[in-house]
Structures are given as structure tokens and as C-alpha cells.
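Visitor: One file is attached below, entry_39.csv, containing CSV, N, CA and C atoms.
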chain,number,residue,atom,x,y,z
A,1,MET,N,9.5,-6.7,192.3
A,1,MET,CA,10.8,-7.3,192.0
A,1,MET,C,11.3,-6.9,190.7
A,2,ILE,N,10.5,-6.6,189.7
A,2,ILE,CA,10.9,-6.2,188.4
A,2,ILE,C,11.7,-4.8,188.5
A,3,PHE,N,11.2,-3.9,189.4
A,3,PHE,CA,11.8,-2.7,189.6
A,3,PHE,C,13.3,-2.8,190.1
A,4,PHE,N,13.5,-3.7,191.0
A,4,PHE,CA,14.8,-3.9,191.6
A,4,PHE,C,15.7,-4.5,190.5
A,5,ALA,N,15.2,-5.4,189.7
A,5,ALA,CA,16.0,-6.0,188.6
A,5,ALA,C,16.4,-4.9,187.6
A,6,ALA,N,15.5,-4.0,187.2
A,6,ALA,CA,15.8,-3.0,186.2
A,6,ALA,C,16.8,-2.0,186.8
A,7,THR,N,16.7,-1.6,188.1
A,7,THR,CA,17.7,-0.7,188.6
A,7,THR,C,19.0,-1.3,188.9
A,8,ALA,N,19.1,-2.6,189.1
A,8,ALA,CA,20.4,-3.2,189.3
A,8,ALA,C,21.2,-3.3,188.1
A,9,THR,N,20.6,-3.3,186.9
A,9,THR,CA,21.4,-3.5,185.7
A,9,THR,C,21.7,-2.1,185.1
A,10,SER,N,20.9,-1.1,185.3
A,10,SER,CA,21.2,0.2,184.7
A,10,SER,C,22.2,1.0,185.5
A,11,PRO,N,23.0,1.8,184.8
A,11,PRO,CA,24.1,2.5,185.5
A,11,PRO,C,23.5,3.6,186.4
A,12,SER,N,24.2,3.9,187.5
A,12,SER,CA,23.8,4.8,188.4
A,12,SER,C,23.9,6.2,187.9
A,13,PHE,N,23.3,7.2,188.6
A,13,PHE,CA,23.4,8.6,188.2
A,13,PHE,C,24.8,9.1,188.1
A,14,PHE,N,25.6,8.7,189.1
A,14,PHE,CA,27.0,9.1,189.1
A,14,PHE,C,27.9,8.5,188.0
A,15,ASP,N,27.5,7.3,187.7
A,15,ASP,CA,28.2,6.6,186.5
A,15,ASP,C,27.9,7.4,185.2
A,16,ARG,N,26.7,7.8,185.1
A,16,ARG,CA,26.3,8.6,183.9
A,16,ARG,C,27.0,9.9,183.9
A,17,LEU,N,27.2,10.5,185.0
A,17,LEU,CA,27.9,11.8,185.1
A,17,LEU,C,29.3,11.7,184.7
A,18,ARG,N,29.9,10.6,185.1
A,18,ARG,CA,31.4,10.3,184.8
A,18,ARG,C,31.6,10.1,183.3
A,19,ASP,N,30.6,9.7,182.6
A,19,ASP,CA,30.7,9.4,181.2
A,19,ASP,C,30.6,10.7,180.4
A,20,ILE,N,30.2,11.8,180.9
A,20,ILE,CA,30.1,13.1,180.2
A,20,ILE,C,31.5,13.6,180.0
A,21,PRO,N,31.9,14.0,178.7
A,21,PRO,CA,33.2,14.5,178.5
A,21,PRO,C,33.6,15.8,179.2
A,22,ALA,N,34.9,16.0,179.4
A,22,ALA,CA,35.3,17.1,180.2
A,22,ALA,C,35.0,18.4,179.5
A,23,ASP,N,35.0,18.5,178.2
A,23,ASP,CA,34.8,19.8,177.5
A,23,ASP,C,33.3,20.2,177.7
A,24,VAL,N,32.4,19.3,177.9
A,24,VAL,CA,31.0,19.7,178.2
A,24,VAL,C,31.0,20.4,179.6
A,25,TRP,N,31.7,19.9,180.6
A,25,TRP,CA,31.7,20.5,181.9
A,25,TRP,C,32.4,21.9,181.8
A,26,LEU,N,33.5,22.0,181.0
A,26,LEU,CA,34.1,23.3,180.8
A,26,LEU,C,33.2,24.3,180.2
A,27,LYS,N,32.5,23.9,179.2
A,27,LYS,CA,31.5,24.8,178.5
A,27,LYS,C,30.4,25.2,179.5
A,28,LEU,N,29.9,24.3,180.2
A,28,LEU,CA,28.9,24.5,181.2
A,28,LEU,C,29.3,25.5,182.3
A,29,GLY,N,30.5,25.3,182.8
A,29,GLY,CA,31.1,26.2,183.8
A,29,GLY,C,31.3,27.6,183.2
A,30,LEU,N,31.8,27.7,182.0
A,30,LEU,CA,32.0,29.0,181.4
A,30,LEU,C,30.7,29.7,181.1
A,31,GLY,N,29.7,29.0,180.8
A,31,GLY,CA,28.3,29.6,180.6
A,31,GLY,C,27.8,30.1,181.9
A,32,ILE,N,27.9,29.4,183.0
A,32,ILE,CA,27.5,29.9,184.3
A,32,ILE,C,28.3,31.1,184.7
A,33,LEU,N,29.6,31.1,184.5
A,33,LEU,CA,30.4,32.2,184.8
A,33,LEU,C,30.0,33.5,184.0
A,34,ALA,N,29.7,33.2,182.7
A,34,ALA,CA,29.3,34.4,181.8
A,34,ALA,C,28.0,35.0,182.3
A,35,ILE,N,27.0,34.1,182.8
A,35,ILE,CA,25.8,34.6,183.3
A,35,ILE,C,26.0,35.4,184.6
A,36,ILE,N,26.9,35.0,185.4
A,36,ILE,CA,27.2,35.7,186.6
A,36,ILE,C,27.8,37.1,186.3
A,37,VAL,N,28.7,37.1,185.4
A,37,VAL,CA,29.4,38.4,185.0
A,37,VAL,C,28.4,39.3,184.4
A,38,VAL,N,27.5,38.8,183.5
A,38,VAL,CA,26.4,39.7,182.9
A,38,VAL,C,25.5,40.3,184.0
A,39,VAL,N,25.2,39.5,185.0
A,39,VAL,CA,24.3,40.0,186.0
A,39,VAL,C,25.0,41.1,186.8
A,40,ILE,N,26.3,40.9,187.1
A,40,ILE,CA,27.1,41.9,187.9
A,40,ILE,C,27.2,43.2,187.1
A,41,VAL,N,27.5,43.0,185.8
A,41,VAL,CA,27.7,44.2,184.9
A,41,VAL,C,26.4,45.0,184.8
A,42,LEU,N,25.3,44.3,184.6
A,42,LEU,CA,24.0,44.9,184.5
A,42,LEU,C,23.6,45.6,185.8
A,43,ARG,N,23.9,45.1,186.9
A,43,ARG,CA,23.6,45.8,188.2
A,43,ARG,C,24.5,47.0,188.3
A,44,LYS,N,25.7,47.0,187.9
A,44,LYS,CA,26.5,48.2,187.9
A,44,LYS,C,26.0,49.3,186.9
A,45,LEU,N,25.6,48.8,185.7
A,45,LEU,CA,25.1,49.8,184.8
A,45,LEU,C,23.7,50.4,185.2
A,46,ALA,N,23.0,49.7,186.0
A,46,ALA,CA,21.7,50.2,186.4
A,46,ALA,C,21.9,51.4,187.4
A,47,LYS,N,23.1,51.5,188.0
A,47,LYS,CA,23.4,52.6,188.9
A,47,LYS,C,24.0,53.8,188.1
A,48,MET,N,24.3,53.6,186.8
A,48,MET,CA,24.9,54.6,186.0
A,48,MET,C,23.9,55.7,185.6
A,49,ASN,N,24.4,56.9,185.2
A,49,ASN,CA,23.6,57.9,184.6
A,49,ASN,C,23.0,57.4,183.3
A,50,LYS,N,21.7,57.5,183.2
A,50,LYS,CA,21.0,56.9,182.1
A,50,LYS,C,21.4,57.6,180.7
A,51,PHE,N,21.7,58.9,180.8
A,51,PHE,CA,22.1,59.6,179.6
A,51,PHE,C,23.4,59.1,179.1
A,52,ILE,N,24.4,59.0,180.0
A,52,ILE,CA,25.7,58.5,179.5
A,52,ILE,C,25.6,57.0,179.1
A,53,LEU,N,24.8,56.2,179.7
A,53,LEU,CA,24.6,54.8,179.3
A,53,LEU,C,24.0,54.8,177.9
A,54,GLY,N,22.9,55.6,177.7
A,54,GLY,CA,22.3,55.6,176.4
A,54,GLY,C,23.3,56.1,175.3
A,55,PHE,N,24.1,57.0,175.6
A,55,PHE,CA,25.1,57.5,174.6
A,55,PHE,C,26.1,56.4,174.3
A,56,LEU,N,26.6,55.7,175.3
A,56,LEU,CA,27.5,54.6,175.1
A,56,LEU,C,26.9,53.5,174.3
A,57,VAL,N,25.7,53.1,174.6
A,57,VAL,CA,25.0,52.1,173.8
A,57,VAL,C,24.8,52.5,172.4
A,58,LEU,N,24.4,53.8,172.1
A,58,LEU,CA,24.2,54.3,170.8
A,58,LEU,C,25.6,54.3,170.1
A,59,LEU,N,26.6,54.7,170.7
A,59,LEU,CA,28.0,54.7,170.1
A,59,LEU,C,28.4,53.3,169.7
A,60,GLY,N,28.2,52.3,170.6
A,60,GLY,CA,28.5,50.9,170.3
A,60,GLY,C,27.7,50.4,169.2
A,61,LEU,N,26.4,50.6,169.1
A,61,LEU,CA,25.6,50.2,168.0
A,61,LEU,C,26.0,50.8,166.7
A,62,THR,N,26.4,52.1,166.8
A,62,THR,CA,26.8,52.8,165.6
A,62,THR,C,28.1,52.1,165.0
A,63,PHE,N,29.1,51.9,165.9
A,63,PHE,CA,30.3,51.2,165.4
A,63,PHE,C,30.0,49.8,164.8
A,64,LEU,N,29.1,49.1,165.5
A,64,LEU,CA,28.7,47.8,164.9
A,64,LEU,C,28.0,47.9,163.6
A,65,GLY,N,27.1,48.8,163.5
A,65,GLY,CA,26.4,49.0,162.2
A,65,GLY,C,27.3,49.4,161.1
A,66,PHE,N,28.3,50.3,161.3
A,66,PHE,CA,29.2,50.7,160.3
A,66,PHE,C,30.1,49.6,159.9
A,67,ASN,N,30.5,48.7,160.9
A,67,ASN,CA,31.3,47.6,160.6
A,67,ASN,C,30.6,46.6,159.7
A,68,TRP,N,29.3,46.4,160.0
A,68,TRP,CA,28.5,45.5,159.1
A,68,TRP,C,28.3,46.1,157.7
A,69,LEU,N,28.2,47.4,157.6
A,69,LEU,CA,28.1,48.1,156.3
A,69,LEU,C,29.4,48.0,155.5
A,70,TYR,N,30.5,48.2,156.1
A,70,TYR,CA,31.8,48.2,155.4
A,70,TYR,C,32.2,46.8,155.1
A,71,GLU,N,32.1,45.9,156.0
A,71,GLU,CA,32.6,44.5,155.8
A,71,GLU,C,31.6,43.6,155.2
A,72,ARG,N,30.3,44.0,155.3
A,72,ARG,CA,29.2,43.1,154.8
A,72,ARG,C,29.2,41.7,155.5
A,73,ASN,N,29.4,41.7,156.8
A,73,ASN,CA,29.4,40.5,157.6
A,73,ASN,C,28.3,40.5,158.6
A,74,GLU,N,27.1,41.1,158.2
A,74,GLU,CA,26.0,41.2,159.1
A,74,GLU,C,25.3,39.8,159.2
A,75,PRO,N,24.6,39.6,160.3
A,75,PRO,CA,23.8,38.3,160.4
A,75,PRO,C,22.7,38.3,159.4
A,76,ALA,N,22.1,37.2,159.2
A,76,ALA,CA,21.1,37.0,158.2
A,76,ALA,C,19.9,37.9,158.4
A,77,TRP,N,19.5,38.0,159.7
A,77,TRP,CA,18.3,38.8,160.0
A,77,TRP,C,18.4,40.3,159.7
A,78,ALA,N,19.7,40.8,159.6
A,78,ALA,CA,19.9,42.2,159.4
A,78,ALA,C,20.2,42.5,157.9
A,79,THR,N,20.3,41.5,157.1
A,79,THR,CA,20.7,41.7,155.7
A,79,THR,C,19.7,42.6,154.9
A,80,PRO,N,18.4,42.5,155.0
A,80,PRO,CA,17.5,43.4,154.3
A,80,PRO,C,17.8,44.9,154.6
A,81,PHE,N,18.0,45.2,155.9
A,81,PHE,CA,18.2,46.6,156.2
A,81,PHE,C,19.6,47.0,155.8
A,82,VAL,N,20.6,46.2,156.0
A,82,VAL,CA,22.0,46.6,155.5
A,82,VAL,C,22.0,46.7,154.0
A,83,GLN,N,21.3,45.8,153.3
A,83,GLN,CA,21.3,45.9,151.8
A,83,GLN,C,20.7,47.2,151.4
A,84,ALA,N,19.6,47.7,152.1
A,84,ALA,CA,19.0,48.9,151.7
A,84,ALA,C,19.8,50.2,152.0
A,85,VAL,N,20.6,50.1,153.1
A,85,VAL,CA,21.4,51.3,153.5
A,85,VAL,C,22.8,51.3,152.9
A,86,ALA,N,23.3,50.1,152.5
A,86,ALA,CA,24.7,50.0,152.0
A,86,ALA,C,25.0,50.9,150.8
A,87,GLY,N,24.0,51.2,150.0
A,87,GLY,CA,24.3,52.1,148.9
A,87,GLY,C,24.7,53.5,149.3
A,88,PHE,N,24.4,53.9,150.4
A,88,PHE,CA,24.7,55.3,150.9
A,88,PHE,C,26.1,55.4,151.5
A,89,PHE,N,26.7,54.3,151.8
A,89,PHE,CA,28.0,54.4,152.5
A,89,PHE,C,29.0,53.6,151.8
A,90,PRO,N,30.3,53.9,152.0
A,90,PRO,CA,31.4,53.2,151.3
A,90,PRO,C,31.5,51.8,151.7
A,91,ALA,N,31.9,50.9,150.8
A,91,ALA,CA,32.0,49.5,151.1
A,91,ALA,C,33.5,49.1,151.0
A,92,LYS,N,33.8,47.9,151.5
A,92,LYS,CA,35.2,47.4,151.4
A,92,LYS,C,35.4,47.1,149.9
A,93,PRO,N,36.6,47.4,149.3
A,93,PRO,CA,36.8,47.1,147.9
A,93,PRO,C,36.7,45.6,147.7
A,94,GLY,N,36.0,45.2,146.6
A,94,GLY,CA,35.8,43.8,146.3
A,94,GLY,C,34.5,43.2,146.8
A,95,LYS,N,33.7,44.0,147.5
A,95,LYS,CA,32.5,43.5,148.1
A,95,LYS,C,31.3,44.0,147.4
Using C-alpha cells, write down the structure from this file.
Guide:
Amino acid sequence: MIFFAATATSPSFFDRLRDIPADVWLKLGLGILAIIVVVIVLRKLAKMNKFILGFLVLLGLTFLGFNWLYERNEPAWATPFVQAVAGFFPAKPGK
């Protein structure tokens, strides 16, 4: 009988779902959509010529690295490497 009394006073599962704000549902939906898009893109890239894919990845990482060196906006984990290499490349004036 105690179980029935406890469940009668607590809100139902659907009542708790209704209390979740709409922006949480939007972020959850966008996250699921992003995962689906990443899986589709990775499946397409798996069919691509590996040499061209490697070249494109290298090119993208090079642009990212030079942006970090010039702007000095690298993440904290990359700061030791960027700090060591930054002396060899030009930096943004004032940085």
C-alpha cells in the first residue's frame, strides 16, 4: 500500500517531460541531427580516394595551425606547442 501512496503523489513521467524547457529539446534535436550528418559524411569520405582525403585533412590542419599561430587563439592543450613554434612565424601585431 505504501508503494501506491508514493506513486499517487509523485508526478508521472510525462508530467516531468513537460517540465523540461523547449531549448533543451532543441539542443537535443540538433545534437542528434549533427551525429546523423557526421555519420553520413564519414561514410561518404570512406569511399573517397585515401590520398586526396589525406591531402585535404593535411591542408585543413595546416590552415588551422597557422590561424592559431597568427591569432594566438589556440586551445589550452595546444599552447605549449604553439608557444614553442610561434617564434618562427609572424604573429598578429600587438600579440
Visitor: In Å to one decimal, how far is atom CA of Arg43 of chain A from atom CA of Thr62 of chain A?
Guide: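 So the answer is 23.9 Å.
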Visitor: Between atom C of Pro93 of chain A and atom CA of Leu58 of chain A, measure the distance and give it in Å to one decimal.
Guide: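 Computed distance, atom C of Pro93 of chain A to atom CA of Leu58 of chain A, equals 27.7 Å.
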Visitor: Rounded to one decimal place, report the atom C of Val39 of chain A-atom N of Leu26 of chain A distance in Å.
Guide: 21.7 Å
Visitor: With only C-alpha atoms as the basis for distance, which of A:Gly94, A:Phe66, A:Phe13, A:Val57 is at the shortest distance from Val82 of chain A?
Guide: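 Closest candidate: A:Phe66.
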Visitor: Chain A: which residues are alpha helix (DSSP H) by DSSP, as a PyMOL selection string?
Guide: chain A and resi 2-9+13-18+22-46+50-71+79-85
Visitor: Please put the answer as JSON: centre and edge lengths, in Å with one decimal, of a box along x, y and z that encloses all listed atoms of segment 64-70 of chain A plus 3 Å on each side.
Guide:
{"center_x": 29.3, "center_y": 48.1, "center_z": 160.3, "size_x": 11.8, "size_y": 11.2, "size_z": 16.4}
